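**Student:** Coordinates in data-v7.pdb, PDB, C-alpha atoms, are listed below.
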```pdb
ATOM      1  CA  MET T 268       0.000   0.000   0.000
ATOM      2  CA  LEU T 269       1.168   3.528  -0.722
ATOM      3  CA  ARG T 270       1.400   6.044   2.051
ATOM      4  CA  PHE T 271       3.449   8.913   0.613
ATOM      5  CA  TRP T 272       0.755   9.817  -1.915
ATOM      6  CA  ALA T 273      -2.160   9.837   0.499
ATOM      7  CA  ALA T 274      -3.740  13.131   1.548
ATOM      8  CA  ASP T 275      -3.008  11.803   5.035
ATOM      9  CA  PRO T 276       0.503  10.243   4.794
ATOM     10  CA  GLY T 277      -0.511   7.723   7.467
ATOM     11  CA  ALA T 278      -3.375   6.421   5.337
ATOM     12  CA  ASP T 279      -3.159   3.542   2.909
ATOM     13  CA  ILE T 280      -4.076   4.003  -0.742
ATOM     14  CA  ALA T 281      -5.464   0.881  -2.326
ATOM     15  CA  PRO T 282      -5.335   0.405  -6.081
ATOM     16  CA  PRO T 283      -8.593   1.392  -7.761
ATOM     17  CA  GLU T 284     -11.182  -1.248  -8.542
ATOM     18  CA  ARG T 285     -10.955  -2.623 -12.046
ATOM     19  CA  GLY T 286     -13.784  -2.587 -14.514
ATOM     20  CA  ASP T 287     -14.469   1.107 -15.146
ATOM     21  CA  PRO T 288     -11.369   2.920 -16.442
ATOM     22  CA  ARG T 289     -13.148   6.291 -16.533
ATOM     23  CA  VAL T 290     -13.956   6.218 -12.813
ATOM     24  CA  ALA T 291     -10.590   4.769 -11.780
ATOM     25  CA  LEU T 292      -8.537   7.178 -13.893
ATOM     26  CA  ARG T 293     -10.581  10.106 -12.592
ATOM     27  CA  THR T 294      -9.778   8.966  -9.031
ATOM     28  CA  LEU T 295      -6.085   8.419  -9.767
ATOM     29  CA  GLY T 296      -5.819  11.704 -11.658
ATOM     30  CA  SER T 297      -7.495  13.593  -8.821
ATOM     31  CA  ARG T 298      -5.131  12.060  -6.264
ATOM     32  CA  TYR T 299      -2.162  13.050  -8.399
ATOM     33  CA  ALA T 300      -3.404  16.605  -8.950
ATOM     34  CA  GLU T 301      -4.125  17.035  -5.239
ATOM     35  CA  LEU T 302      -0.601  16.053  -4.347
ATOM     36  CA  LEU T 303       1.022  18.232  -7.004
ATOM     37  CA  HIS T 304      -1.094  21.210  -5.932
ATOM     38  CA  ARG T 305      -0.003  21.060  -2.284
ATOM     39  CA  PRO T 306       1.691  24.332  -1.282
ATOM     40  CA  SER T 307       4.998  22.648  -0.465
ATOM     41  CA  MET T 308       5.289  20.596  -3.644
ATOM     42  CA  ALA T 309       6.709  23.246  -5.986
ATOM     43  CA  GLY T 310       9.290  24.262  -3.392
ATOM     44  CA  LEU T 311      10.317  20.648  -2.875
ATOM     45  CA  HIS T 312      10.799  20.158  -6.616
ATOM     46  CA  ARG T 313      12.766  23.403  -6.929
ATOM     47  CA  MET T 314      15.066  22.380  -4.075
ATOM     48  CA  VAL T 315      15.680  18.876  -5.416
ATOM     49  CA  ILE T 316      16.352  20.158  -8.919
ATOM     50  CA  ALA T 317      18.765  22.786  -7.592
ATOM     51  CA  GLU T 318      20.637  20.410  -5.275
ATOM     52  CA  ALA T 319      20.555  17.148  -7.267
ATOM     53  CA  PRO T 320      23.831  17.858  -9.102
ATOM     54  CA  ARG T 321      25.638  18.131  -5.726
ATOM     55  CA  PHE T 322      23.521  15.543  -3.902
ATOM     56  CA  PRO T 323      22.255  13.005  -6.452
ATOM     57  CA  GLU T 324      20.742  10.926  -3.656
ATOM     58  CA  LEU T 325      18.119  13.665  -3.171
ATOM     59  CA  GLY T 326      16.834  13.180  -6.698
ATOM     60  CA  ARG T 327      16.930   9.409  -6.330
ATOM     61  CA  MET T 328      15.098   9.556  -3.003
ATOM     62  CA  GLN T 329      12.364  11.847  -4.334
ATOM     63  CA  PHE T 330      11.944   9.586  -7.350
ATOM     64  CA  ASP T 331      11.960   6.340  -5.348
ATOM     65  CA  LEU T 332       9.639   7.548  -2.589
ATOM     66  CA  GLY T 333       7.550  10.041  -4.531
ATOM     67  CA  LYS T 334       7.113   9.634  -8.246
ATOM     68  CA  GLU T 335       7.825   5.945  -8.807
ATOM     69  CA  PRO T 336       5.359   4.312  -6.359
ATOM     70  CA  PHE T 337       2.398   6.261  -7.680
ATOM     71  CA  PHE T 338       3.557   5.878 -11.279
ATOM     72  CA  GLU T 339       3.751   2.106 -10.769
ATOM     73  CA  LEU T 340       0.283   2.005  -9.199
ATOM     74  CA  VAL T 341      -1.165   3.775 -12.245
ATOM     75  CA  ARG T 342       0.862   1.679 -14.703
ATOM     76  CA  GLU T 343      -0.229  -1.561 -13.054
ATOM     77  CA  TYR T 344      -3.856  -0.424 -13.142
ATOM     78  CA  ILE T 345      -3.655   0.532 -16.833
ATOM     79  CA  GLU T 346      -1.954  -2.737 -17.758
ATOM     80  CA  ALA T 347      -4.537  -4.742 -15.775
ATOM     81  CA  GLU T 348      -7.345  -3.032 -17.668
ATOM     82  CA  ALA T 349      -5.527  -3.822 -20.917
ATOM     83  CA  THR T 350      -5.242  -7.466 -19.880
ATOM     84  CA  GLY T 351      -8.970  -7.369 -19.066
ATOM     85  CA  GLY T 352      -9.715  -6.117 -22.583
ATOM     86  CA  ARG T 353     -11.047  -2.673 -21.615
ATOM     87  CA  LEU T 354      -7.976  -0.751 -22.766
ATOM     88  CA  GLU T 355      -5.692  -1.341 -25.723
ATOM     89  CA  VAL T 356      -2.277  -0.272 -24.445
ATOM     90  CA  PRO T 357       0.832  -1.480 -26.281
ATOM     91  CA  ASP T 358       3.203   0.298 -23.851
ATOM     92  CA  GLY T 359       2.069   0.777 -20.250
ATOM     93  CA  VAL T 360       4.965   3.042 -19.339
ATOM     94  CA  ARG T 361       4.253   5.387 -22.246
ATOM     95  CA  ALA T 362       0.508   5.431 -21.545
ATOM     96  CA  THR T 363       1.082   6.185 -17.857
ATOM     97  CA  THR T 364       3.575   8.917 -18.698
ATOM     98  CA  GLU T 365       1.087  10.494 -21.093
ATOM     99  CA  PHE T 366      -1.755  10.414 -18.575
ATOM    100  CA  LEU T 367       0.170  11.796 -15.617
ATOM    101  CA  GLY T 368       1.997  14.274 -17.846
ATOM    102  CA  MET T 369      -1.253  15.876 -18.972
ATOM    103  CA  ILE T 370      -2.042  16.609 -15.340
ATOM    104  CA  SER T 371       1.380  17.677 -14.097
ATOM    105  CA  ASN T 372       1.911  19.945 -17.095
ATOM    106  CA  PHE T 373      -0.984  22.092 -15.889
ATOM    107  CA  VAL T 374      -0.865  21.691 -12.114
ATOM    108  CA  LEU T 375       2.854  21.622 -11.265
ATOM    109  CA  TRP T 376       5.202  22.714 -14.024
ATOM    110  CA  PRO T 377       3.996  26.310 -14.484
ATOM    111  CA  HIS T 378       4.207  26.774 -10.702
ATOM    112  CA  LEU T 379       7.881  25.801 -10.728
ATOM    113  CA  LEU T 380       8.615  28.908 -12.789
ATOM    114  CA  LEU T 381       5.762  31.231 -11.840
ATOM    115  CA  GLN T 382       5.255  31.733  -8.107
ATOM    116  CA  GLU T 383       1.862  33.315  -8.773
ATOM    117  CA  TRP T 384       0.574  30.254 -10.696
ATOM    118  CA  SER T 385      -2.434  29.044  -8.761
ATOM    119  CA  PRO T 386      -5.083  27.278 -10.818
ATOM    120  CA  THR T 387      -8.542  27.126  -9.317
ATOM    121  CA  ASP T 388      -9.981  23.897  -7.987
ATOM    122  CA  ARG T 389     -12.417  23.938 -10.898
ATOM    123  CA  ALA T 390      -9.585  24.306 -13.424
ATOM    124  CA  ILE T 391      -7.782  21.359 -11.829
ATOM    125  CA  VAL T 392     -10.913  19.183 -11.936
ATOM    126  CA  GLU T 393     -11.410  20.139 -15.595
ATOM    127  CA  THR T 394      -7.764  19.302 -16.336
ATOM    128  CA  VAL T 395      -8.105  15.853 -14.756
ATOM    129  CA  GLU T 396     -11.358  15.238 -16.633
ATOM    130  CA  SER T 397      -9.731  16.303 -19.902
ATOM    131  CA  ALA T 398      -6.754  14.013 -19.244
ATOM    132  CA  VAL T 399      -9.110  11.088 -18.577
ATOM    133  CA  GLU T 400     -11.173  11.724 -21.708
ATOM    134  CA  THR T 401      -8.081  12.241 -23.881
ATOM    135  CA  PHE T 402      -6.515   9.060 -22.507
ATOM    136  CA  LEU T 403      -9.690   7.049 -23.099
ATOM    137  CA  ALA T 404     -10.110   8.438 -26.619
ATOM    138  CA  ARG T 405      -6.673   7.026 -27.381
ATOM    139  CA  TYR T 406      -6.701   3.750 -25.437
ATOM    140  CA  MET T 407     -10.287   2.600 -24.730
ATOM    141  CA  THR T 408     -11.300  -0.498 -26.668
ATOM    142  CA  GLN T 409     -14.687  -0.852 -28.299
ATOM    143  CA  VAL T 410     -15.550  -3.406 -25.601
ATOM    144  CA  GLY T 411     -14.668  -0.778 -22.982
ATOM    145  CA  HIS T 412     -16.933   1.764 -24.671
ATOM    146  CA  SER T 413     -19.956  -0.477 -24.559
ATOM    147  CA  GLU T 414     -19.766  -1.377 -20.857
TER     148      GLU T 414
END
```
Show me this structure written as structure tokens.
**Tutor:**
Amino acid sequence: MLRFWAADPGADIAPPERGDPRVALRTLGSRYAELLHRPSMAGLHRMVIAEAPRFPELGRMQFDLGKEPFFELVREYIEAEATGGRLEVPDGVRATTEFLGMISNFVLWPHLLLQEWSPTDRAIVETVESAVETFLARYMTQVGHSE
């Protein structure tokens, strides 16, 4: 179970239930956006990026404890739905990168450069919904559409 990515770091995050990629991806995307939008997240990324050349273990630690566990949870979910015939995904890593990238490109990356960047909750929800719909337009099978 993942703890780092929970709104409450002491809470467990179970993988989403399989069977409805739209609902599960919306949940995963919302969790990801919530984490990236935390006030401390941009500062943490700035610090790690600035110090990683001198202290490469900082970058490794942030990746191993932060990005990778959640990335793997999403990748495993996507690949399970592909195995179940609801998604057609030839490359789970690429598909996961695309999905999470659509969200982080709006929620986090502008804030790394623009201190005043502060998207509204509504804009974040719309971004997650757009990422889900874009992802499904690309990867949902016809079987998945009819369920």
**Student:** Name every residue that the PyMOL selection byres ((chain T and resi 284) around 12) selects in this structure, writing the answer as a VMD selection string with chains first and numbers rising.
**Tutor:** chain T and resid 280 to 283 285 to 292 294 to 295 340 to 341 343 to 345 347 to 348
**Student:** Between CA of Gly296 in chain T and CA of Gln329 in chain T, what distance in Å does the model show, to one decimal?
**Tutor:**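 So the two atoms, CA of Gly296 in chain T and CA of Gln329 in chain T, lie 19.6 Å apart.
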**Student:** Determine the residue set returned by the PyMOL selection byres ((chain T and resi 401) around 12) for the present structure, and present it as a PyMOL selection string.
**Tutor:** chain T and resi 289+292-293+362+365-370+393-400+402-407
**Student:** Residues picked by the PyMOL selection byres ((chain T and resi 310-324) around 12) here, as number ranges by chain?
**Tutor:** T: 302-309, 325-334, 375-382
**Student:** Calculate how many Å separate CA of Asp388 in chain T from CA of Tyr299 in chain T, rounding to one decimal.
**Tutor:**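 For CA of Asp388 in chain T relative to CA of Tyr299 in chain T, the distance reads 13.4 Å.
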**Student:** Record the distance separating CA of Pro336 in chain T and CA of Arg298 in chain T, expressed in Å with one decimal.
**Tutor:**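 Separation between CA of Pro336 in chain T and CA of Arg298 in chain T: 13.0 Å.
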**Student:** Given all atoms listed in the file as the basis, pick out the residue of T:Glu383, T:Arg342, T:Arg389, T:Val374 nearest to Gly359 in chain T.
**Tutor:**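 That would be T:Arg342, the residue with the smallest distance to Gly359 in chain T.
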**Student:** With 3 Å on each side, where is the centre of the axis-aligned box around all listed atoms of range 378-393 of chain T, and how long are its edges in Å to one decimal, as lines of an AutoDock Vina configuration file?
**Tutor:**
```
center_x = -1.9
center_y = 26.2
center_z = -11.8
size_x = 27.0
size_y = 20.1
size_z = 13.6
```
**Student:** Could you tell me which of T:Ser371, T:Thr387, T:Thr408, T:Thr363 comes closest to Ala300 in chain T if we count all atoms listed in the file?
**Tutor:**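 Once distances to Ala300 in chain T are computed over all atoms listed in the file, the minimum belongs to T:Ser371.
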**Student:** Give the answer as one residue: which of T:Thr364, T:Thr350, T:Gln409, T:Asn372 has the shortest atom-to-atom distance to Ile391 in chain T, using all atoms listed in the file?
**Tutor:**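 Ranked by minimum distance to Ile391 in chain T, first place goes to T:Asn372.
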